[in-house]
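Engineer: Sharing a structure, written as structure tokens. Questions coming.
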Amino acid sequence: MIIRPIEVIDAEKFLELSKKVDESGFMLYEPGEKKTTVAQQRTLIEKILSENKSIIFVAEFENKLVGFIVALSGNVLRNQHSAYLVLGVLEDFQGQGIATKLFKRIFEWAKENEVSRLELTVIKDNIKAFNLYRNMGFVLEGEKVHSLKINGKFVNEYYLYKLL
């Protein structure tokens with residue numbers, strides 16, 4: 001298992017990975033909703049790589065991308081110290097410590113890049129992810145009521161943060 005920064009040549013594999021992760025039902029996009037093309041994904045990766053305080057790390061196993069963590073930092077002076085995280089690991093690879101390795105790498109990156117606050121959201125019903133985040137040192141900051149509508153039903157999200 002290799003944890004490494006994403007490269008532009010990963011665009012097609014990364015897009016495939018993110019679409020598979022969307023099928024979990026716990027991501028922002030509904031399964032099949034993401035209409036991003038490979039060219040658009042390539043452009044998005046180039047944009048993120050060009051920013052000083054944003055990054056994508058991928059987990060690669062036998063030449064296949066099986067997980068990722070994205071850090072998107074603020075772009076004005078007042079919030080450049082903060083990054084919003086998005087994590088995804090293929091279901092078949094969950095429970096193997098991949099998410100923990102991705103988090104540890106993003107913590108290292110954050111310290112190297114003077115990012116002192118990490119934040120993320122999780123659907124309230126996603127107990128497995130919530131427990132992972134708490135185990136990684138994230139603190140519950142609040143609950144956003146009716147933040148998403150899934151299958152016609154409103155659901156709440158938890159906001160969590162970690163100070164480094």
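By convention in this document, the chains of the structure tokens carry letters A, B, ... by their order, each chain's residues are numbered from 1, and ligands are numbered from 1 in the order they are shown.
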Produce a table with one row for each residue of range 29-110 of chain A that has an atom at most 12 Å from any atom of range 14-21 of chain A, each row naming the nearest atom pair and its distance in Å at one decimal; use only C-alpha atoms; arrange rows by chain and rising residue number; format as JSON lines.
Structural biologist:
{"residue": "A:Tyr29", "atom": "CA", "partner": "A:Lys19", "partner_atom": "CA", "distance": 8.7}
{"residue": "A:Glu30", "atom": "CA", "partner": "A:Lys19", "partner_atom": "CA", "distance": 9.3}
{"residue": "A:Pro31", "atom": "CA", "partner": "A:Lys19", "partner_atom": "CA", "distance": 7.2}
{"residue": "A:Gly32", "atom": "CA", "partner": "A:Lys19", "partner_atom": "CA", "distance": 7.0}
{"residue": "A:Glu33", "atom": "CA", "partner": "A:Lys19", "partner_atom": "CA", "distance": 8.6}
{"residue": "A:Lys34", "atom": "CA", "partner": "A:Lys19", "partner_atom": "CA", "distance": 7.0}
{"residue": "A:Lys35", "atom": "CA", "partner": "A:Lys19", "partner_atom": "CA", "distance": 9.4}
{"residue": "A:Thr36", "atom": "CA", "partner": "A:Leu15", "partner_atom": "CA", "distance": 7.7}
{"residue": "A:Thr37", "atom": "CA", "partner": "A:Leu15", "partner_atom": "CA", "distance": 8.1}
{"residue": "A:Val38", "atom": "CA", "partner": "A:Leu15", "partner_atom": "CA", "distance": 6.9}
{"residue": "A:Ala39", "atom": "CA", "partner": "A:Leu15", "partner_atom": "CA", "distance": 10.2}
{"residue": "A:Gln40", "atom": "CA", "partner": "A:Leu15", "partner_atom": "CA", "distance": 9.7}
{"residue": "A:Gln41", "atom": "CA", "partner": "A:Leu15", "partner_atom": "CA", "distance": 6.7}
{"residue": "A:Arg42", "atom": "CA", "partner": "A:Leu15", "partner_atom": "CA", "distance": 9.2}
{"residue": "A:Thr43", "atom": "CA", "partner": "A:Leu15", "partner_atom": "CA", "distance": 11.9}
{"residue": "A:Leu44", "atom": "CA", "partner": "A:Leu15", "partner_atom": "CA", "distance": 10.8}
{"residue": "A:Ile45", "atom": "CA", "partner": "A:Phe14", "partner_atom": "CA", "distance": 9.6}
{"residue": "A:Ile56", "atom": "CA", "partner": "A:Phe14", "partner_atom": "CA", "distance": 10.2}
{"residue": "A:Phe57", "atom": "CA", "partner": "A:Phe14", "partner_atom": "CA", "distance": 10.5}
{"residue": "A:Val58", "atom": "CA", "partner": "A:Phe14", "partner_atom": "CA", "distance": 8.4}
{"residue": "A:Ala59", "atom": "CA", "partner": "A:Phe14", "partner_atom": "CA", "distance": 10.4}
{"residue": "A:Glu60", "atom": "CA", "partner": "A:Phe14", "partner_atom": "CA", "distance": 10.5}
{"residue": "A:Asn63", "atom": "CA", "partner": "A:Phe14", "partner_atom": "CA", "distance": 11.9}
{"residue": "A:Lys64", "atom": "CA", "partner": "A:Leu17", "partner_atom": "CA", "distance": 9.0}
{"residue": "A:Leu65", "atom": "CA", "partner": "A:Leu17", "partner_atom": "CA", "distance": 6.6}
{"residue": "A:Val66", "atom": "CA", "partner": "A:Leu17", "partner_atom": "CA", "distance": 6.7}
{"residue": "A:Gly67", "atom": "CA", "partner": "A:Leu17", "partner_atom": "CA", "distance": 7.4}
{"residue": "A:Phe68", "atom": "CA", "partner": "A:Ser18", "partner_atom": "CA", "distance": 8.5}
{"residue": "A:Ile69", "atom": "CA", "partner": "A:Ser18", "partner_atom": "CA", "distance": 10.7}
{"residue": "A:Val70", "atom": "CA", "partner": "A:Ser18", "partner_atom": "CA", "distance": 11.3}
{"residue": "A:Val86", "atom": "CA", "partner": "A:Ser18", "partner_atom": "CA", "distance": 10.8}
{"residue": "A:Leu87", "atom": "CA", "partner": "A:Val21", "partner_atom": "CA", "distance": 9.5}
{"residue": "A:Gly88", "atom": "CA", "partner": "A:Val21", "partner_atom": "CA", "distance": 6.1}
{"residue": "A:Val89", "atom": "CA", "partner": "A:Val21", "partner_atom": "CA", "distance": 6.6}
{"residue": "A:Leu90", "atom": "CA", "partner": "A:Val21", "partner_atom": "CA", "distance": 5.8}
{"residue": "A:Glu91", "atom": "CA", "partner": "A:Val21", "partner_atom": "CA", "distance": 7.7}
{"residue": "A:Asp92", "atom": "CA", "partner": "A:Val21", "partner_atom": "CA", "distance": 10.6}
{"residue": "A:Phe93", "atom": "CA", "partner": "A:Val21", "partner_atom": "CA", "distance": 11.2}
{"residue": "A:Gln94", "atom": "CA", "partner": "A:Val21", "partner_atom": "CA", "distance": 11.2}
Engineer: With range 138-162 of chain A as the partner and 10 Å as the cut-off, tabulate the residues of range 31-111 of chain A that qualify, each row holding the nearest pair of atoms and their distance in Å to one decimal, using only C-alpha atoms, sorted by chain and rising number, as JSON lines.
Structural biologist:
{"residue": "A:Ser82", "atom": "CA", "partner": "A:Tyr161", "partner_atom": "CA", "distance": 9.7}
{"residue": "A:Ala83", "atom": "CA", "partner": "A:Tyr161", "partner_atom": "CA", "distance": 9.7}
{"residue": "A:Tyr84", "atom": "CA", "partner": "A:Tyr161", "partner_atom": "CA", "distance": 9.1}
{"residue": "A:Leu85", "atom": "CA", "partner": "A:Tyr161", "partner_atom": "CA", "distance": 9.7}
{"residue": "A:Phe107", "atom": "CA", "partner": "A:Lys162", "partner_atom": "CA", "distance": 9.7}
Engineer: Any chance you can output those residues with N, CA, C and O atoms as an mmCIF file, in the first residue's frame?
Structural biologist:
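Listed below is the output, selection24.cif:
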data_model
loop_
_atom_site.group_PDB
_atom_site.id
_atom_site.type_symbol
_atom_site.label_atom_id
_atom_site.label_comp_id
_atom_site.auth_asym_id
_atom_site.auth_seq_id
_atom_site.Cartn_x
_atom_site.Cartn_y
_atom_site.Cartn_z
ATOM 1 N N SER A 82 -6.796 26.933 7.695
ATOM 2 C CA SER A 82 -7.840 25.925 7.860
ATOM 3 C C SER A 82 -8.043 25.149 6.558
ATOM 4 O O SER A 82 -7.991 25.726 5.475
ATOM 5 N N ALA A 83 -8.280 23.843 6.677
ATOM 6 C CA ALA A 83 -8.544 23.029 5.487
ATOM 7 C C ALA A 83 -9.740 22.120 5.738
ATOM 8 O O ALA A 83 -9.879 21.536 6.823
ATOM 9 N N TYR A 84 -10.591 22.011 4.731
ATOM 10 C CA TYR A 84 -11.742 21.105 4.765
ATOM 11 C C TYR A 84 -11.311 19.783 4.146
ATOM 12 O O TYR A 84 -10.711 19.764 3.061
ATOM 13 N N LEU A 85 -11.608 18.681 4.816
ATOM 14 C CA LEU A 85 -11.189 17.358 4.359
ATOM 15 C C LEU A 85 -12.354 16.558 3.801
ATOM 16 O O LEU A 85 -13.470 16.641 4.299
ATOM 17 N N PHE A 107 -2.080 14.901 8.198
ATOM 18 C CA PHE A 107 -1.637 15.632 9.391
ATOM 19 C C PHE A 107 -0.209 16.131 9.186
ATOM 20 O O PHE A 107 0.116 17.272 9.516
#
Engineer: Considering only strand (DSSP E or B) as DSSP defines it on the backbone, what residues of range 7-156 of chain A qualify? List them as a CSV table (one decimal) with N, CA, C and O atoms, in the first residue's frame.
Structural biologist:
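Below is the file that was written, selection.csv:
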chain,number,residue,atom,x,y,z
A,54,SER,N,-3.7,23.3,-0.6
A,54,SER,CA,-4.6,22.2,-0.9
A,54,SER,C,-3.9,21.0,-1.5
A,54,SER,O,-2.8,21.2,-2.2
A,55,ILE,N,-4.4,19.8,-1.3
A,55,ILE,CA,-3.7,18.6,-1.8
A,55,ILE,C,-4.7,17.5,-1.8
A,55,ILE,O,-5.7,17.5,-1.2
A,56,ILE,N,-4.3,16.5,-2.6
A,56,ILE,CA,-5.1,15.2,-2.6
A,56,ILE,C,-4.0,14.1,-2.4
A,56,ILE,O,-3.0,14.1,-3.2
A,57,PHE,N,-4.2,13.2,-1.5
A,57,PHE,CA,-3.4,12.1,-1.3
A,57,PHE,C,-4.2,10.9,-1.7
A,57,PHE,O,-5.4,10.8,-1.4
A,58,VAL,N,-3.6,9.9,-2.4
A,58,VAL,CA,-4.3,8.7,-2.8
A,58,VAL,C,-3.6,7.5,-2.2
A,58,VAL,O,-2.4,7.5,-1.9
A,59,ALA,N,-4.4,6.4,-2.0
A,59,ALA,CA,-3.9,5.2,-1.5
A,59,ALA,C,-3.9,4.2,-2.7
A,59,ALA,O,-5.0,4.1,-3.4
A,60,GLU,N,-2.8,3.7,-3.0
A,60,GLU,CA,-2.6,2.9,-4.2
A,60,GLU,C,-2.2,1.5,-3.8
A,60,GLU,O,-1.3,1.3,-3.0
A,61,PHE,N,-2.9,0.5,-4.3
A,61,PHE,CA,-2.6,-0.9,-4.1
A,61,PHE,C,-2.6,-1.7,-5.4
A,61,PHE,O,-3.6,-1.6,-6.1
A,64,LYS,N,-3.8,0.2,-8.4
A,64,LYS,CA,-5.2,0.6,-8.4
A,64,LYS,C,-5.4,1.6,-7.2
A,64,LYS,O,-4.9,1.4,-6.1
A,65,LEU,N,-6.1,2.7,-7.5
A,65,LEU,CA,-6.4,3.6,-6.4
A,65,LEU,C,-7.6,3.1,-5.6
A,65,LEU,O,-8.7,2.8,-6.2
A,66,VAL,N,-7.4,3.0,-4.3
A,66,VAL,CA,-8.4,2.4,-3.4
A,66,VAL,C,-8.9,3.4,-2.4
A,66,VAL,O,-9.9,3.1,-1.6
A,67,GLY,N,-8.3,4.5,-2.3
A,67,GLY,CA,-8.7,5.5,-1.3
A,67,GLY,C,-8.1,6.9,-1.6
A,67,GLY,O,-7.2,7.0,-2.3
A,68,PHE,N,-8.7,7.9,-0.9
A,68,PHE,CA,-8.1,9.2,-1.1
A,68,PHE,C,-8.5,10.1,0.1
A,68,PHE,O,-9.4,9.8,0.9
A,69,ILE,N,-7.8,11.2,0.3
A,69,ILE,CA,-8.1,12.2,1.2
A,69,ILE,C,-7.8,13.5,0.5
A,69,ILE,O,-6.7,13.7,-0.1
A,70,VAL,N,-8.7,14.5,0.5
A,70,VAL,CA,-8.6,15.8,-0.1
A,70,VAL,C,-8.6,16.8,1.0
A,70,VAL,O,-9.4,16.7,1.9
A,71,ALA,N,-7.6,17.8,0.9
A,71,ALA,CA,-7.6,18.9,1.8
A,71,ALA,C,-7.7,20.2,1.0
A,71,ALA,O,-6.9,20.4,0.1
A,72,LEU,N,-8.8,20.9,1.2
A,72,LEU,CA,-9.0,22.2,0.5
A,72,LEU,C,-8.9,23.3,1.5
A,72,LEU,O,-9.8,23.4,2.4
A,73,SER,N,-7.9,24.1,1.4
A,73,SER,CA,-7.7,25.2,2.3
A,73,SER,C,-8.4,26.5,1.9
A,73,SER,O,-8.7,26.7,0.7
A,82,SER,N,-6.8,26.9,7.7
A,82,SER,CA,-7.8,25.9,7.9
A,82,SER,C,-8.0,25.1,6.6
A,82,SER,O,-8.0,25.7,5.5
A,83,ALA,N,-8.3,23.8,6.7
A,83,ALA,CA,-8.5,23.0,5.5
A,83,ALA,C,-9.7,22.1,5.7
A,83,ALA,O,-9.9,21.5,6.8
A,84,TYR,N,-10.6,22.0,4.7
A,84,TYR,CA,-11.7,21.1,4.8
A,84,TYR,C,-11.3,19.8,4.1
A,84,TYR,O,-10.7,19.8,3.1
A,85,LEU,N,-11.6,18.7,4.8
A,85,LEU,CA,-11.2,17.4,4.4
A,85,LEU,C,-12.4,16.6,3.8
A,85,LEU,O,-13.5,16.6,4.3
A,86,VAL,N,-12.0,15.7,2.8
A,86,VAL,CA,-13.0,14.7,2.3
A,86,VAL,C,-12.2,13.4,2.2
A,86,VAL,O,-11.1,13.4,1.6
A,87,LEU,N,-12.7,12.4,2.7
A,87,LEU,CA,-12.1,11.1,2.8
A,87,LEU,C,-13.0,10.1,2.1
A,87,LEU,O,-14.2,10.1,2.2
A,88,GLY,N,-12.3,9.2,1.3
A,88,GLY,CA,-13.1,8.1,0.7
A,88,GLY,C,-12.2,6.8,0.6
A,88,GLY,O,-11.1,7.0,0.1
A,89,VAL,N,-12.7,5.7,0.9
A,89,VAL,CA,-12.0,4.4,0.8
A,89,VAL,C,-13.0,3.4,0.2
A,89,VAL,O,-14.1,3.3,0.7
A,117,ARG,N,-5.8,24.0,11.4
A,117,ARG,CA,-7.2,23.5,11.7
A,117,ARG,C,-7.7,22.7,10.5
A,117,ARG,O,-7.6,23.1,9.4
A,118,LEU,N,-8.1,21.5,10.9
A,118,LEU,CA,-8.7,20.6,9.9
A,118,LEU,C,-10.2,20.4,10.3
A,118,LEU,O,-10.5,20.3,11.4
A,119,GLU,N,-11.0,20.4,9.2
A,119,GLU,CA,-12.4,20.2,9.5
A,119,GLU,C,-13.1,19.3,8.5
A,119,GLU,O,-12.6,19.1,7.4
A,120,LEU,N,-14.2,18.7,8.9
A,120,LEU,CA,-14.9,17.8,8.0
A,120,LEU,C,-16.3,17.7,8.5
A,120,LEU,O,-16.7,18.1,9.6
A,121,THR,N,-17.2,17.1,7.6
A,121,THR,CA,-18.5,16.8,8.0
A,121,THR,C,-18.8,15.3,7.8
A,121,THR,O,-18.1,14.7,7.0
A,122,VAL,N,-19.8,14.8,8.5
A,122,VAL,CA,-20.1,13.4,8.3
A,122,VAL,C,-21.6,13.3,8.5
A,122,VAL,O,-22.2,14.0,9.4
A,123,ILE,N,-22.3,12.5,7.7
A,123,ILE,CA,-23.7,12.3,7.9
A,123,ILE,C,-23.9,11.6,9.2
A,123,ILE,O,-23.2,10.7,9.6
A,139,VAL,N,-12.9,16.6,17.0
A,139,VAL,CA,-13.9,16.9,18.0
A,139,VAL,C,-15.2,17.4,17.4
A,139,VAL,O,-15.2,18.1,16.4
A,140,LEU,N,-16.3,16.9,18.0
A,140,LEU,CA,-17.6,17.3,17.5
A,140,LEU,C,-17.8,18.8,17.8
A,140,LEU,O,-17.7,19.3,18.9
A,141,GLU,N,-18.1,19.6,16.7
A,141,GLU,CA,-18.2,21.0,16.8
A,141,GLU,C,-19.7,21.4,16.8
A,141,GLU,O,-20.1,22.4,17.4
A,142,GLY,N,-20.5,20.6,16.1
A,142,GLY,CA,-21.9,21.0,16.0
A,142,GLY,C,-22.7,20.1,15.0
A,142,GLY,O,-22.1,19.1,14.5
A,143,GLU,N,-23.9,20.3,14.9
A,143,GLU,CA,-24.8,19.5,14.0
A,143,GLU,C,-25.6,20.4,13.1
A,143,GLU,O,-26.2,21.4,13.6
A,144,LYS,N,-25.5,20.2,11.8
A,144,LYS,CA,-26.2,20.9,10.9
A,144,LYS,C,-27.5,20.2,10.6
A,144,LYS,O,-27.5,19.1,10.0
A,145,VAL,N,-28.6,20.8,10.9
A,145,VAL,CA,-29.9,20.1,10.8
A,145,VAL,C,-30.5,20.2,9.4
A,145,VAL,O,-30.4,21.3,8.8
A,146,HIS,N,-31.0,19.1,8.9
A,146,HIS,CA,-31.6,19.1,7.5
A,146,HIS,C,-30.6,19.6,6.5
A,146,HIS,O,-31.0,20.2,5.5
A,147,SER,N,-29.3,19.2,6.6
A,147,SER,CA,-28.3,19.7,5.7
A,147,SER,C,-28.4,19.0,4.4
A,147,SER,O,-28.0,19.6,3.4
A,148,LEU,N,-28.8,17.8,4.3
A,148,LEU,CA,-28.9,17.1,3.1
A,148,LEU,C,-30.3,16.4,3.0
A,148,LEU,O,-31.0,16.2,4.0
A,149,LYS,N,-30.7,16.1,1.8
A,149,LYS,CA,-31.9,15.4,1.5
A,149,LYS,C,-31.5,14.1,0.7
A,149,LYS,O,-31.1,14.2,-0.4
A,150,ILE,N,-31.7,13.0,1.4
A,150,ILE,CA,-31.3,11.7,0.8
A,150,ILE,C,-32.6,10.8,0.7
A,150,ILE,O,-33.2,10.5,1.7
A,153,LYS,N,-35.6,12.1,2.2
A,153,LYS,CA,-35.7,12.3,3.7
A,153,LYS,C,-34.5,13.3,4.1
A,153,LYS,O,-33.4,13.1,3.7
A,154,PHE,N,-34.8,14.2,4.9
A,154,PHE,CA,-33.8,15.1,5.4
A,154,PHE,C,-32.9,14.4,6.4
A,154,PHE,O,-33.4,13.6,7.3
A,155,VAL,N,-31.6,14.7,6.3
A,155,VAL,CA,-30.7,14.1,7.3
A,155,VAL,C,-29.8,15.2,7.8
A,155,VAL,O,-29.6,16.2,7.1
A,156,ASN,N,-29.2,15.0,9.0
A,156,ASN,CA,-28.3,15.9,9.6
A,156,ASN,C,-26.9,15.5,9.4
A,156,ASN,O,-26.6,14.3,9.2
Engineer: Which of these residues is nearest to Asp10 in chain A, using only C-alpha atoms: A:Gln96, A:Glu46, A:Leu28, A:Gly74?
Structural biologist: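 Checking each of A:Gln96, A:Glu46, A:Leu28, A:Gly74 against Asp10 in chain A, counting only C-alpha atoms, the winner is A:Glu46.
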Engineer: How would you write, as number ranges by chain, the set of residues in range 102-139 of chain A that DSSP gives as alpha helix (DSSP H)?
Structural biologist: A: 102-112, 127-135
Engineer: Please determine, counting only C-alpha atoms, which residue among A:Met1, A:Gly95, A:Leu164, A:Asn113 has the shortest atom-to-atom distance to Glu51 in chain A.
Structural biologist: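 The shortest atom-to-atom distance to Glu51 in chain A comes from A:Asn113.
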Engineer: Which of these residues is nearest to Gly97 in chain A, using only C-alpha atoms: A:Asn75, A:Leu163, A:Asn126, A:Leu132?
Structural biologist: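 Going through A:Asn75, A:Leu163, A:Asn126, A:Leu132 one by one, the smallest distance to Gly97 in chain A is for A:Leu132.
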Engineer: Could you state the separation of CA of Met27 in chain A and CA of Ile127 in chain A in Å, given to one decimal place?
Structural biologist: 13.6 Å
Engineer: CA of Phe103 in chain A to CA of Val115 in chain A: how many Å, to one decimal?
Structural biologist: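 Interatomic distance, CA of Phe103 in chain A to CA of Val115 in chain A: 13.9 Å.
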Engineer: So which one's closest to Gln80 in chain A, A:Ser116, A:Ser50, A:Asn131, A:Thr100? Using only C-alpha atoms, please.
Structural biologist: A:Ser116
Engineer: Which distance in Å separates CA of His81 in chain A and CA of Ala110 in chain A, to one decimal?
Structural biologist: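 Those two atoms sit 8.9 Å apart.
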